[in-house]
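Below: entry_39.cif (mmCIF, C-alpha atoms)
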data_target
#
loop_
_atom_site.label_atom_id
_atom_site.label_comp_id
_atom_site.auth_asym_id
_atom_site.auth_seq_id
_atom_site.Cartn_x
_atom_site.Cartn_y
_atom_site.Cartn_z
CA MET B 1 -163.85 -14.92 -160.58
CA LYS B 2 -166.84 -16.69 -159.08
CA ARG B 3 -166.82 -19.34 -161.84
CA LYS B 4 -163.10 -19.95 -161.24
CA SER B 5 -163.77 -20.48 -157.52
CA ILE B 6 -166.56 -22.94 -158.26
CA ARG B 7 -164.38 -24.85 -160.72
CA LEU B 8 -161.50 -24.94 -158.24
CA PHE B 9 -163.76 -26.23 -155.45
CA ALA B 10 -165.24 -28.88 -157.74
CA LEU B 11 -161.78 -29.95 -158.90
CA THR B 12 -160.50 -30.10 -155.31
CA SER B 13 -163.53 -32.15 -154.25
CA LEU B 14 -163.01 -34.58 -157.14
CA VAL B 15 -159.33 -34.96 -156.29
CA PHE B 16 -160.18 -35.71 -152.66
CA LEU B 17 -162.89 -38.17 -153.72
CA GLY B 18 -160.43 -39.87 -156.04
CA ILE B 19 -157.88 -40.15 -153.26
CA PHE B 20 -160.52 -41.57 -150.92
CA MET B 21 -161.86 -44.09 -153.44
CA GLY B 22 -158.34 -45.16 -154.36
CA CYS B 23 -156.98 -44.85 -150.87
CA SER B 24 -153.79 -46.80 -150.32
CA ASP B 25 -153.00 -48.78 -147.21
CA LYS B 26 -150.35 -46.32 -146.09
CA VAL B 27 -151.10 -45.23 -142.53
CA ILE B 28 -150.16 -41.65 -141.66
CA GLY B 29 -150.68 -42.20 -137.93
CA TYR B 30 -153.00 -43.48 -135.21
CA SER B 31 -155.74 -41.54 -133.41
CA VAL B 32 -157.96 -42.04 -130.37
CA VAL B 33 -161.73 -41.73 -130.82
CA LEU B 34 -163.03 -39.06 -128.41
CA TRP B 35 -166.81 -39.27 -128.94
CA ASN B 36 -168.89 -42.44 -129.42
CA ILE B 37 -170.04 -43.23 -132.98
CA PRO B 38 -172.66 -45.92 -132.24
CA GLU B 39 -173.98 -46.19 -135.82
CA GLN B 40 -170.48 -47.33 -136.86
CA GLY B 41 -170.02 -49.53 -133.80
CA ILE B 42 -167.13 -47.34 -132.63
CA ARG B 43 -166.66 -46.31 -129.00
CA ALA B 44 -164.72 -43.50 -127.44
CA GLY B 45 -161.25 -44.65 -126.42
CA GLU B 46 -160.69 -46.90 -129.45
CA VAL B 47 -157.50 -46.48 -131.46
CA LEU B 48 -157.92 -46.35 -135.26
CA PRO B 49 -155.37 -46.11 -138.09
CA VAL B 50 -155.59 -42.88 -140.08
CA TYR B 51 -155.01 -42.91 -143.84
CA ILE B 52 -155.98 -39.37 -144.86
CA LYS B 53 -156.60 -36.06 -143.14
CA SER B 54 -158.73 -33.61 -145.16
CA ASN B 55 -158.70 -30.01 -144.00
CA ILE B 56 -161.19 -29.23 -146.78
CA SER B 57 -163.87 -31.72 -145.72
CA HIS B 58 -162.74 -31.61 -142.06
CA VAL B 59 -162.61 -35.40 -141.79
CA TYR B 60 -160.17 -38.24 -141.25
CA ILE B 61 -160.29 -41.35 -143.42
CA VAL B 62 -159.76 -44.15 -140.91
CA GLY B 63 -159.88 -47.93 -140.86
CA ARG B 64 -162.35 -49.89 -138.76
CA ALA B 65 -161.54 -53.23 -137.17
CA ASP B 66 -163.20 -55.03 -140.11
CA GLY B 67 -160.93 -53.22 -142.58
CA GLU B 68 -163.56 -50.86 -143.98
CA LYS B 69 -162.43 -47.25 -144.47
CA ILE B 70 -164.82 -44.56 -143.23
CA GLU B 71 -164.95 -40.81 -142.64
CA ILE B 72 -164.90 -39.39 -139.11
CA PRO B 73 -165.05 -35.63 -138.36
CA LEU B 74 -161.74 -34.19 -137.14
CA TRP B 75 -163.23 -33.00 -133.85
CA GLN B 76 -164.14 -36.56 -132.81
CA MET B 77 -160.53 -37.82 -132.80
CA THR B 78 -157.10 -36.87 -131.50
CA ASP B 79 -154.34 -35.70 -133.84
CA PRO B 80 -152.60 -38.72 -135.43
CA VAL B 81 -149.33 -39.85 -133.85
CA ARG B 82 -146.77 -42.54 -134.63
CA LYS B 83 -147.50 -46.12 -133.61
CA ASN B 84 -144.88 -46.10 -130.87
CA ARG B 85 -146.62 -43.14 -129.21
CA ILE B 86 -150.27 -44.16 -129.48
CA LYS B 87 -150.23 -46.46 -126.42
CA ASN B 88 -149.43 -43.56 -124.09
CA GLU B 89 -151.88 -41.32 -125.94
CA ALA B 90 -154.72 -43.86 -125.57
CA ALA B 91 -153.97 -44.40 -121.87
CA LEU B 92 -154.75 -40.72 -121.21
CA TYR B 93 -158.35 -41.21 -122.34
CA GLN B 94 -159.00 -44.75 -121.16
CA GLU B 95 -160.32 -44.13 -117.63
CA TYR B 96 -163.15 -41.85 -118.82
CA ALA B 97 -163.74 -43.41 -122.26
CA GLY B 98 -167.40 -44.13 -121.49
CA THR B 99 -168.07 -41.02 -119.39
CA TYR B 100 -170.25 -38.11 -120.44
CA ALA B 101 -171.85 -35.32 -118.43
CA SER B 102 -174.98 -33.21 -118.44
CA VAL B 103 -174.64 -29.54 -117.48
CA LYS B 104 -176.74 -28.45 -114.49
CA THR B 105 -176.72 -24.67 -114.97
CA ASP B 106 -176.70 -22.12 -117.80
CA GLY B 107 -173.49 -20.23 -118.51
CA LEU B 108 -171.12 -22.70 -116.86
CA PRO B 109 -167.61 -21.61 -117.97
CA CYS B 110 -165.23 -23.86 -119.82
CA ARG B 111 -161.67 -22.59 -119.31
CA ALA B 112 -158.34 -22.78 -121.10
CA GLU B 113 -156.62 -24.18 -117.99
CA ALA B 114 -157.72 -26.01 -114.82
CA VAL B 115 -157.83 -22.76 -112.89
CA ASN B 116 -160.94 -20.77 -112.06
CA THR B 117 -159.29 -17.51 -113.15
CA SER B 118 -158.16 -18.91 -116.51
CA ARG B 119 -159.53 -17.52 -119.78
CA GLN B 120 -163.01 -18.73 -120.77
CA VAL B 121 -163.13 -20.61 -124.08
CA TYR B 122 -166.81 -21.61 -123.99
CA ARG B 123 -169.98 -21.13 -121.94
CA LEU B 124 -172.04 -24.29 -121.50
CA ARG B 125 -175.84 -24.40 -121.65
CA LYS B 126 -178.06 -26.05 -119.07
CA GLY B 127 -178.83 -29.58 -120.22
CA GLU B 128 -175.94 -29.60 -122.72
CA VAL B 129 -174.19 -32.97 -123.04
CA ILE B 130 -170.39 -32.96 -123.03
CA LYS B 131 -167.71 -35.68 -123.18
CA ILE B 132 -165.39 -36.14 -120.22
CA LEU B 133 -161.88 -36.75 -121.59
CA TYR B 134 -159.69 -37.00 -118.51
CA ARG B 135 -159.18 -35.59 -115.01
CA GLY B 136 -156.68 -32.87 -114.21
CA ASP B 137 -155.10 -31.27 -111.17
CA GLY B 138 -156.17 -27.76 -110.26
CA GLN B 139 -157.40 -25.57 -107.44
CA ALA B 140 -161.09 -25.95 -106.63
CA PRO B 141 -163.28 -22.81 -106.96
CA MET B 142 -164.19 -21.21 -103.63
CA THR B 143 -167.58 -20.21 -102.24
CA GLY B 144 -168.02 -18.60 -98.83
CA GLY B 145 -164.35 -19.21 -98.15
CA GLN B 146 -164.75 -22.97 -98.69
CA PRO B 147 -163.67 -25.03 -101.74
CA LEU B 148 -166.46 -26.55 -103.81
CA GLU B 149 -166.70 -30.34 -104.04
CA GLY B 150 -165.63 -31.73 -107.36
CA GLU B 151 -162.80 -32.24 -109.84
CA TRP B 152 -161.36 -30.45 -112.85
CA TYR B 153 -162.00 -32.33 -116.11
CA LYS B 154 -160.82 -31.81 -119.67
CA ILE B 155 -164.06 -31.81 -121.64
CA LEU B 156 -165.21 -31.87 -125.28
CA THR B 157 -168.37 -30.21 -126.61
CA ASP B 158 -170.31 -31.41 -129.65
CA ASP B 159 -168.94 -28.57 -131.79
CA GLY B 160 -165.37 -29.72 -131.13
CA THR B 161 -164.43 -27.20 -128.42
CA GLN B 162 -162.09 -28.51 -125.72
CA GLY B 163 -161.41 -26.94 -122.35
CA TRP B 164 -161.43 -27.43 -118.59
CA CYS B 165 -164.58 -27.53 -116.50
CA PHE B 166 -165.10 -28.03 -112.75
CA SER B 167 -167.54 -30.87 -112.00
CA TYR B 168 -169.61 -29.24 -109.22
CA ASN B 169 -172.30 -28.31 -111.76
CA LEU B 170 -171.97 -31.44 -113.89
CA SER B 171 -173.89 -34.73 -113.71
CA LEU B 172 -171.46 -37.44 -114.83
CA TYR B 173 -172.78 -40.72 -116.23
CA GLN B 174 -171.64 -43.76 -118.22
CA VAL B 175 -172.96 -44.85 -121.63
CA ASP B 176 -173.36 -48.25 -123.26
CA ASP B 177 -172.35 -49.38 -126.76
CA ASP B 178 -175.34 -47.51 -128.22
CA GLY B 179 -174.30 -44.28 -126.54
CA LEU B 180 -177.17 -44.44 -124.04
CA ALA B 181 -176.85 -43.70 -120.35
CA VAL B 182 -176.37 -46.64 -117.99
CA ASP B 183 -176.23 -44.64 -114.77
CA GLU B 184 -176.94 -46.77 -111.71
CA ASN B 185 -179.57 -44.24 -110.62
CA ALA B 186 -181.43 -44.43 -113.92
CA VAL B 187 -185.22 -44.68 -113.83
CA VAL B 188 -186.85 -47.13 -116.25
CA ALA B 189 -189.95 -46.30 -118.26
CA GLU B 190 -192.13 -48.75 -116.36
CA ASP B 191 -192.05 -46.30 -113.45
CA ASP B 192 -195.03 -44.13 -114.43
CA SER B 193 -194.83 -41.94 -111.32
CA ASP B 194 -192.59 -39.41 -113.07
CA GLU B 195 -194.89 -36.47 -113.81
CA ARG B 196 -192.50 -34.83 -116.24
CA TRP B 197 -192.16 -37.98 -118.30
CA ALA B 198 -195.94 -38.41 -118.25
CA ALA B 199 -196.31 -34.85 -119.61
CA ILE B 200 -193.80 -35.56 -122.39
CA ALA B 201 -195.60 -38.75 -123.43
CA ALA B 202 -199.08 -37.19 -123.21
CA SER B 203 -198.37 -34.26 -125.53
CA VAL B 204 -197.83 -33.69 -129.23
CA TRP B 205 -194.73 -31.52 -129.70
CA TYR B 206 -194.17 -29.15 -132.62
CA PRO B 207 -191.05 -27.23 -133.79
CA GLU B 208 -190.65 -24.00 -131.82
CA GLU B 209 -190.87 -21.89 -134.98
CA PHE B 210 -194.51 -22.97 -135.39
CA LYS B 211 -195.46 -21.02 -132.27
CA ALA B 212 -193.73 -17.90 -133.58
CA MET B 213 -195.62 -18.19 -136.87
CA VAL B 214 -198.99 -18.75 -135.20
CA ASP B 215 -198.50 -15.97 -132.63
CA GLY B 216 -197.20 -13.51 -135.23
CA GLY B 217 -199.74 -14.35 -137.91
CA ASP B 218 -197.02 -14.84 -140.55
CA ILE B 219 -197.88 -18.37 -141.65
CA ASP B 220 -195.40 -19.93 -144.08
CA LEU B 221 -197.18 -22.90 -145.65
CA ALA B 222 -193.87 -24.20 -147.00
CA ARG B 223 -192.59 -24.65 -143.43
CA LEU B 224 -195.66 -25.13 -141.25
CA HIS B 225 -196.76 -28.75 -141.73
CA PRO B 226 -199.01 -30.35 -139.09
CA SER B 227 -197.11 -33.60 -139.70
CA TYR B 228 -193.86 -32.03 -138.45
CA ARG B 229 -193.91 -33.11 -134.81
CA PHE B 230 -192.45 -35.32 -132.08
CA ILE B 231 -194.59 -38.00 -130.42
CA VAL B 232 -194.01 -40.70 -127.81
CA ASP B 233 -196.75 -43.31 -128.32
CA LEU B 234 -196.68 -45.52 -125.24
CA ASP B 235 -199.69 -47.55 -126.38
CA GLY B 236 -198.18 -48.34 -129.76
CA LYS B 237 -194.65 -48.54 -128.32
CA LYS B 238 -193.36 -46.09 -130.95
CA VAL B 239 -191.41 -42.84 -130.97
CA SER B 240 -191.54 -40.63 -134.07
CA LEU B 241 -189.64 -37.49 -135.03
CA ASN B 242 -190.67 -35.73 -138.22
CA THR B 243 -189.28 -32.38 -139.38
CA SER B 244 -188.35 -30.84 -142.72
CA ALA B 245 -184.96 -32.60 -142.48
CA ILE B 246 -185.64 -35.64 -140.24
CA HIS B 247 -188.14 -38.44 -140.82
CA GLU B 248 -187.60 -41.15 -138.22
CA SER B 249 -189.67 -43.71 -136.31
CA TRP B 250 -188.37 -46.13 -133.68
CA ASP B 251 -189.69 -48.90 -131.45
CA PHE B 252 -189.92 -47.67 -127.87
CA ALA B 253 -188.18 -49.87 -125.28
CA GLY B 254 -188.07 -47.48 -122.31
CA TYR B 255 -185.86 -44.70 -121.08
CA THR B 256 -183.15 -43.89 -118.59
CA LYS B 257 -183.12 -40.71 -116.54
CA THR B 258 -179.71 -39.03 -116.50
CA ASP B 259 -180.76 -35.90 -114.65
CA GLU B 260 -183.83 -34.55 -112.90
CA ARG B 261 -185.22 -33.25 -116.21
CA GLU B 262 -183.29 -35.33 -118.75
CA TYR B 263 -184.33 -38.60 -120.38
CA SER B 264 -182.42 -40.90 -122.75
CA LEU B 265 -184.50 -43.25 -124.89
CA LYS B 266 -183.18 -46.81 -125.04
CA GLY B 267 -181.90 -47.80 -128.47
CA ILE B 268 -182.95 -44.42 -129.93
CA PRO B 269 -180.50 -41.57 -130.70
CA LEU B 270 -182.57 -39.08 -128.70
CA ARG B 271 -182.16 -37.36 -125.36
CA ILE B 272 -185.06 -35.25 -124.06
CA THR B 273 -184.62 -32.28 -121.73
CA TYR B 274 -187.86 -31.17 -120.08
CA ARG B 275 -187.93 -27.37 -119.61
CA ASN B 276 -191.58 -26.85 -118.70
CA PRO B 277 -195.00 -28.33 -119.63
CA GLN B 278 -194.92 -26.45 -122.96
CA TYR B 279 -191.25 -26.73 -123.92
CA ILE B 280 -188.72 -29.55 -124.42
CA VAL B 281 -185.32 -29.81 -126.10
CA LEU B 282 -184.45 -32.89 -128.15
CA ARG B 283 -180.79 -33.82 -128.52
CA TYR B 284 -180.80 -35.84 -131.78
CA THR B 285 -177.65 -37.59 -133.00
CA ASP B 286 -177.71 -38.22 -136.75
CA SER B 287 -175.95 -40.97 -138.71
CA SER B 288 -172.74 -38.92 -138.92
CA GLY B 289 -172.50 -38.85 -135.13
CA LYS B 290 -173.11 -35.09 -134.92
CA PRO B 291 -175.64 -34.14 -132.22
CA GLN B 292 -178.07 -31.27 -132.74
CA ASP B 293 -180.53 -29.59 -130.39
CA LEU B 294 -184.14 -29.21 -131.53
CA ASN B 295 -186.61 -27.05 -129.61
CA PHE B 296 -190.20 -28.29 -129.46
CA VAL B 297 -193.34 -26.79 -127.93
CA THR B 298 -196.97 -27.66 -127.38
CA LEU B 299 -199.68 -25.64 -129.14
CA SER B 300 -203.19 -24.81 -127.97
CA VAL B 301 -204.49 -24.38 -131.54
CA ASN B 302 -205.46 -26.84 -134.25
CA LEU B 303 -202.73 -26.61 -136.88
CA ASN B 304 -204.92 -28.06 -139.62
CA GLU B 305 -207.42 -25.27 -139.02
CA ILE B 306 -204.61 -22.68 -139.09
CA VAL B 307 -203.30 -24.06 -142.40
CA ASN B 308 -206.76 -24.21 -143.98
CA ALA B 309 -207.55 -20.66 -142.87
CA GLU B 310 -204.29 -19.37 -144.37
CA ARG B 311 -204.95 -21.14 -147.67
CA GLN B 312 -208.44 -19.67 -147.76
CA ARG B 313 -207.07 -16.17 -147.02
CA ARG B 314 -204.61 -16.40 -149.88
CA ASN B 315 -207.16 -17.78 -152.33
CA GLN B 316 -209.75 -15.13 -151.49
CA ALA B 317 -207.19 -12.32 -151.79
CA TYR B 318 -206.09 -13.52 -155.21
CA ARG B 319 -209.67 -13.99 -156.43
CA ARG B 320 -210.43 -10.36 -155.56
CA ILE B 321 -207.54 -9.27 -157.78
CA ALA B 322 -208.42 -11.67 -160.60
CA ALA B 323 -212.09 -10.68 -160.50
CA GLN B 324 -211.15 -7.41 -162.23
CA GLY B 325 -209.47 -9.38 -165.02
CA LYS B 326 -207.39 -6.90 -167.00
CA TYR B 327 -205.53 -3.79 -165.80
CA SER B 328 -203.60 -1.22 -167.82
CA ALA B 329 -201.11 1.62 -167.19
CA SER B 330 -199.89 4.08 -169.80
CA SER B 331 -196.20 3.53 -168.98
CA TYR B 332 -196.27 -0.07 -167.77
CA GLY B 333 -198.47 -1.93 -170.23
CA THR B 334 -201.33 -4.35 -169.69
CA LEU B 335 -201.57 -6.87 -166.85
CA THR B 336 -204.16 -9.67 -166.93
CA PHE B 337 -204.89 -12.10 -164.09
CA ASN B 338 -206.61 -15.44 -164.71
CA GLU B 339 -208.66 -17.49 -162.24
CA ASP B 340 -206.22 -20.42 -162.48
CA GLY B 341 -203.41 -18.33 -160.96
CA THR B 342 -201.64 -17.43 -164.20
CA PHE B 343 -201.00 -13.93 -165.49
CA ARG B 344 -199.92 -12.16 -168.67
CA TRP B 345 -198.09 -8.81 -168.61
CA THR B 346 -197.02 -6.95 -171.74
CA GLY B 347 -195.26 -3.58 -171.94
CA PHE B 348 -193.30 -3.71 -168.66
CA LYS B 349 -189.90 -2.82 -170.18
CA LEU B 350 -189.51 0.30 -168.01
CA LEU B 351 -189.19 -2.08 -165.03
CA VAL B 352 -186.33 -4.04 -166.67
CA PRO B 353 -183.85 -4.79 -165.16
CA SER B 354 -184.35 -2.78 -161.94
CA VAL B 355 -187.45 -4.72 -160.90
CA ILE B 356 -188.06 -7.46 -163.47
CA SER B 357 -185.32 -9.63 -164.94
CA ALA B 358 -184.37 -9.08 -168.58
CA SER B 359 -184.96 -12.81 -169.16
CA ALA B 360 -188.58 -12.64 -167.98
CA LYS B 361 -191.24 -13.58 -170.51
CA ASN B 362 -194.71 -12.02 -170.71
CA ALA B 363 -196.47 -14.72 -168.67
CA GLY B 364 -196.14 -16.63 -165.42
CA THR B 365 -197.92 -17.53 -162.17
CA ALA B 366 -199.29 -15.19 -159.51
CA SER B 367 -199.91 -15.91 -155.84
CA ILE B 368 -200.45 -14.45 -152.40
CA LYS B 369 -197.80 -16.20 -150.29
CA TYR B 370 -196.53 -13.57 -147.81
CA SER B 371 -198.22 -11.88 -144.87
CA LEU B 372 -198.22 -8.16 -144.16
CA ALA B 373 -197.20 -6.49 -140.90
CA LYS B 374 -200.08 -4.83 -139.04
CA SER B 375 -198.43 -1.43 -139.39
CA LEU B 376 -198.86 -1.66 -143.19
CA GLN B 377 -202.33 -3.16 -143.37
CA SER B 378 -204.12 0.22 -143.43
CA SER B 379 -202.22 1.25 -146.57
CA TYR B 380 -202.02 -2.05 -148.48
CA ASP B 381 -204.15 -5.14 -148.97
CA GLY B 382 -201.18 -7.50 -149.08
CA VAL B 383 -198.17 -8.78 -151.03
CA LEU B 384 -198.58 -10.03 -154.60
CA THR B 385 -195.90 -12.45 -155.84
CA LEU B 386 -195.26 -12.86 -159.57
CA LYS B 387 -193.09 -15.66 -160.94
CA PHE B 388 -192.26 -14.88 -164.56
CA ASP B 389 -191.57 -17.65 -167.02
CA GLY B 390 -187.90 -17.51 -167.98
CA ALA B 391 -186.80 -15.73 -164.78
CA ALA B 392 -185.21 -17.44 -161.79
CA ASP B 393 -186.38 -15.07 -159.05
CA GLU B 394 -189.88 -14.11 -157.98
CA VAL B 395 -190.97 -10.46 -157.99
CA ASN B 396 -192.98 -9.08 -155.06
CA PHE B 397 -195.27 -6.07 -154.98
CA LEU B 398 -197.20 -4.44 -152.19
CA TYR B 399 -200.68 -3.94 -153.62
CA LYS B 400 -203.93 -2.10 -152.94
CA LEU B 401 -207.23 -2.57 -154.76
CA GLU B 402 -208.71 0.89 -155.22
CA ASP B 403 -211.81 2.29 -156.89
CA GLY B 404 -211.22 1.92 -160.56
CA GLY B 405 -207.95 0.03 -160.41
CA LEU B 406 -204.93 -1.50 -158.74
CA ARG B 407 -201.95 0.21 -157.07
CA MET B 408 -198.71 -1.83 -157.01
CA GLU B 409 -195.46 -0.90 -155.28
CA ASP B 410 -192.17 -2.66 -155.99
CA ALA B 411 -191.07 -4.59 -152.87
CA SER B 412 -187.63 -5.71 -154.09
CA THR B 413 -185.95 -3.69 -151.31
CA ALA B 414 -188.66 -4.22 -148.70
CA ALA B 415 -187.79 -5.83 -145.35
CA PHE B 416 -188.95 -9.40 -144.73
CA ARG B 417 -188.82 -11.40 -141.49
CA GLY B 418 -189.49 -14.97 -142.44
CA ASN B 419 -192.83 -14.95 -144.25
CA LEU B 420 -193.78 -11.46 -143.04
CA LEU B 421 -193.16 -8.22 -144.95
CA THR B 422 -192.37 -5.78 -142.15
CA ALA B 423 -191.37 -2.52 -143.88
CA ARG B 424 -191.39 -0.81 -147.27
CA GLY B 425 -188.17 -0.49 -149.21
CA ALA B 426 -186.11 2.69 -149.14
CA GLU B 427 -186.42 2.90 -152.93
CA HIS B 428 -189.49 1.70 -154.80
CA THR B 429 -191.51 2.14 -157.97
CA ILE B 430 -195.27 2.73 -157.69
CA ILE B 431 -197.56 1.69 -160.56
CA TYR B 432 -201.18 2.78 -160.94
CA PHE B 433 -203.26 0.43 -163.05
CA THR B 434 -206.82 1.13 -164.17
CA LYS B 435 -209.39 -1.52 -164.94
#
Now that the file is in, can you turn its structure into structure tokens?
Amino acid sequence: MKRKSIRLFALTSLVFLGIFMGCSDKVIGYSVVLWNIPEQGIRAGEVLPVYIKSNISHVYIVGRADGEKIEIPLWQMTDPVRKNRIKNEAALYQEYAGTYASVKTDGLPCRAEAVNTSRQVYRLRKGEVIKILYRGDGQAPMTGGQPLEGEWYKILTDDGTQGWCFSYNLSLYQVDDDGLAVDENAVVAEDDSDERWAAIAASVWYPEEFKAMVDGGDIDLARLHPSYRFIVDLDGKKVSLNTSAIHESWDFAGYTKTDEREYSLKGIPLRITYRNPQYIVLRYTDSSGKPQDLNFVTLSVNLNEIVNAERQRRNQAYRRIAAQGKYSASSYGTLTFNEDGTFRWTGFKLLVPSVISASAKNAGTASIKYSLAKSLQSSYDGVLTLKFDGAADEVNFLYKLEDGGLRMEDASTAAFRGNLLTARGAEHTIIYFTK
């Protein structure tokens, strides 16, 4: 059944690709762009012809002014309508085509109608950026018997949610062709009196998960790279953002300030929200036009030292196991560890297939790659990972070096949190090897 599903998906994808590549000039309707797409030179409020709507890929195939056909996510455009209706449709969005807003407070409700008692469809986060679509008529919320100042606006979030929000807790601003704020109250980068901006530029910022790894002691060397960071280099006039998925560097030409704690970088698809001296949020807009929030923190430790210490811990733990060379168990065969990180295990058929795959060969590589929760450290030395030649999945064992041998416990049902083994499995096999 699974293979049929995969084949069907592949076939459907190929059909859609074929339609796209051979797309005719038949227009199925016209849509209004709701959210700027600066990398395509497309602004909110523009009307584009729609050739295909894909509910599988969740995109429209539309035509740009130069005739090129491109994909745009469904949420960034209105539903297509006939040509004789698009003028009225576009007029609805024209007044606020270049208007966005930053949310001032956490939990601000977005409602189904322009009424404060209407059903909530979304709760906005402080610092979240939303698109203002158009103004509506509605009763202002009351406080202390008095109506709040502001207007009801139909808004769009970056996950495609639409609803009504009252503007009292919104900071509205205009954007330019690059999608950057051009608010008349903007502060330029040459004004170095802004202490928050100075703190942002003076620090090296790391992904928030690094702090959790360092504080918890569960270092994952596959994810914790000292080069993964965000830096504003005012001397070199550069901004760099490097993560596991993003590798970008831009020339720095200044910033605009769209809120007390929010900064947009000129010509760079980044908006920075300053939370406190140790925490910022980056709003990064990728080439598809989809924004994403990235949490970054400062660290008081040297990451290179942390990485080197973890590598040394792993190497030393493995060398202690390999120093004994060969181990044997009457029911589970002979297990030999080599100094180069390879192993050979014969006679493990009682563990097949419950623990070890039937396709596993008698050799492979061994490593110490996971950390052990403190609650288990009195009973075990660590987690031993075996990767058998011929098998796709690794096999993990809790282990303990004891006088005269090695005790290994199957960890296939153990609980892991990231790189940390936190609890033994409900069912497990224990093997006692002697030297």
Next on the checklist: Could you list, as a list in words, every residue within 12 Å of Met142 of chain B, counting only C-alpha atoms and ignoring same-chain residues fewer than 4 positions away?
Outcome noted: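 After dropping sequence-adjacent residues, the list is Val115, Asn116, Thr117, Gln146, Pro147, Leu148, Glu149, Gly150, Phe166 and Tyr168 of chain B.
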Next on the checklist: Report, in Å to a single decimal, how far apart atom CA of Glu409 of chain B and atom CA of Ala392 of chain B are.
Outcome noted: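 Spanning atom CA of Ala392 of chain B to atom CA of Glu409 of chain B is a straight-line distance of 20.5 Å.
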Next on the checklist: Translate the PyMOL selection byres ((chain B and resi 75-79) around 7) into a concrete residue list for this structure, as number ranges by chain.
Outcome noted: B: 31-35, 72-74, 80-81, 160
Item to check | Picked residues, the PyMOL selection byres ((chain B and resi 217-232) around 6), expected as a ChimeraX atom specification | outcome: /B:201,204-206,213-216,233,239-243,303,371,419-420
Next on the checklist: Given the point (-163.3, -29.7, -121.5) in the file's coordinates, find the residues that have an atom at most 9 Å from it, counting only C-alpha atoms, and give them as number ranges by chain.
Outcome noted: B: 110-112, 130-134, 152-157, 161-165
Next on the checklist: the PyMOL selection byres ((chain B and resi 207-209) around 6) - which residues does that actually catch in the file I just gave you? List them as JSON, numbers by chain.
Outcome noted: {"B": [206, 210, 211, 212, 295, 296, 297]}
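Excluding segment 48-51 of chain B itself and same-chain residues fewer than 3 positions from it, the residues having an atom within 9 Å of it are B:Cys23, B:Ser24, B:Asp25, B:Lys26, B:Val27, B:Ile28, B:Gly29, B:Tyr30, B:Ser31, B:Val32, B:Val33, B:Tyr60, B:Ile61, B:Val62, B:Gly63, B:Arg64, B:Ala65, B:Lys69, B:Pro80, counting only C-alpha atoms.
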Those same residues - C-alpha atoms - I'd like them written as a PDB file, in the coordinates of the input.
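Generated output (part-v2.pdb):
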ATOM      1  CA  CYS B  23    -156.980 -44.850-150.870  1.00  0.00           C
ATOM      2  CA  SER B  24    -153.790 -46.800-150.320  1.00  0.00           C
ATOM      3  CA  ASP B  25    -153.000 -48.780-147.210  1.00  0.00           C
ATOM      4  CA  LYS B  26    -150.350 -46.320-146.090  1.00  0.00           C
ATOM      5  CA  VAL B  27    -151.100 -45.230-142.530  1.00  0.00           C
ATOM      6  CA  ILE B  28    -150.160 -41.650-141.660  1.00  0.00           C
ATOM      7  CA  GLY B  29    -150.680 -42.200-137.930  1.00  0.00           C
ATOM      8  CA  TYR B  30    -153.000 -43.480-135.210  1.00  0.00           C
ATOM      9  CA  SER B  31    -155.740 -41.540-133.410  1.00  0.00           C
ATOM     10  CA  VAL B  32    -157.960 -42.040-130.370  1.00  0.00           C
ATOM     11  CA  VAL B  33    -161.730 -41.730-130.820  1.00  0.00           C
ATOM     12  CA  TYR B  60    -160.170 -38.240-141.250  1.00  0.00           C
ATOM     13  CA  ILE B  61    -160.290 -41.350-143.420  1.00  0.00           C
ATOM     14  CA  VAL B  62    -159.760 -44.150-140.910  1.00  0.00           C
ATOM     15  CA  GLY B  63    -159.880 -47.930-140.860  1.00  0.00           C
ATOM     16  CA  ARG B  64    -162.350 -49.890-138.760  1.00  0.00           C
ATOM     17  CA  ALA B  65    -161.540 -53.230-137.170  1.00  0.00           C
ATOM     18  CA  LYS B  69    -162.430 -47.250-144.470  1.00  0.00           C
ATOM     19  CA  PRO B  80    -152.600 -38.720-135.430  1.00  0.00           C
TER      20      PRO B  80
END
Checklist entry - Expressed in Å to a single decimal, how great is the separation between atom CA of Lys83 of chain B and atom CA of Glu68 of chain B? => result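 If I compute the distance from atom CA of Lys83 of chain B to atom CA of Glu68 of chain B, I get 19.7 Å.
Closest approach to Thr413 of chain B among B:Gly67, B:Gly425, B:Pro269, B:Pro277 is made by B:Gly425 (distances from only C-alpha atoms).
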For segment 375-388 of chain B, work out the shell of residues within 6 Å, counting only C-alpha atoms and skipping chain neighbours fewer than 6 positions away, then give it as a CSV table (one decimal) with C-alpha atoms, keeping the file's coordinate frame.
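Once everything was written out, this is result-v5.csv:
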chain,number,residue,atom,x,y,z
B,360,ALA,CA,-188.6,-12.6,-168.0
B,363,ALA,CA,-196.5,-14.7,-168.7
B,364,GLY,CA,-196.1,-16.6,-165.4
B,365,THR,CA,-197.9,-17.5,-162.2
B,366,ALA,CA,-199.3,-15.2,-159.5
B,367,SER,CA,-199.9,-15.9,-155.8
B,368,ILE,CA,-200.4,-14.4,-152.4
B,394,GLU,CA,-189.9,-14.1,-158.0
B,395,VAL,CA,-191.0,-10.5,-158.0
B,396,ASN,CA,-193.0,-9.1,-155.1
B,397,PHE,CA,-195.3,-6.1,-155.0
B,398,LEU,CA,-197.2,-4.4,-152.2
B,399,TYR,CA,-200.7,-3.9,-153.6
B,400,LYS,CA,-203.9,-2.1,-152.9
Next on the checklist: Here is a test: counting all atoms listed in the file, which residue of B:Gly418, B:Gly333, B:Pro109, B:Gly289 is nearest to Phe348 of chain B?
Outcome noted: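 Of B:Gly418, B:Gly333, B:Pro109, B:Gly289, the one nearest Phe348 of chain B is B:Gly333, counting all atoms listed in the file.
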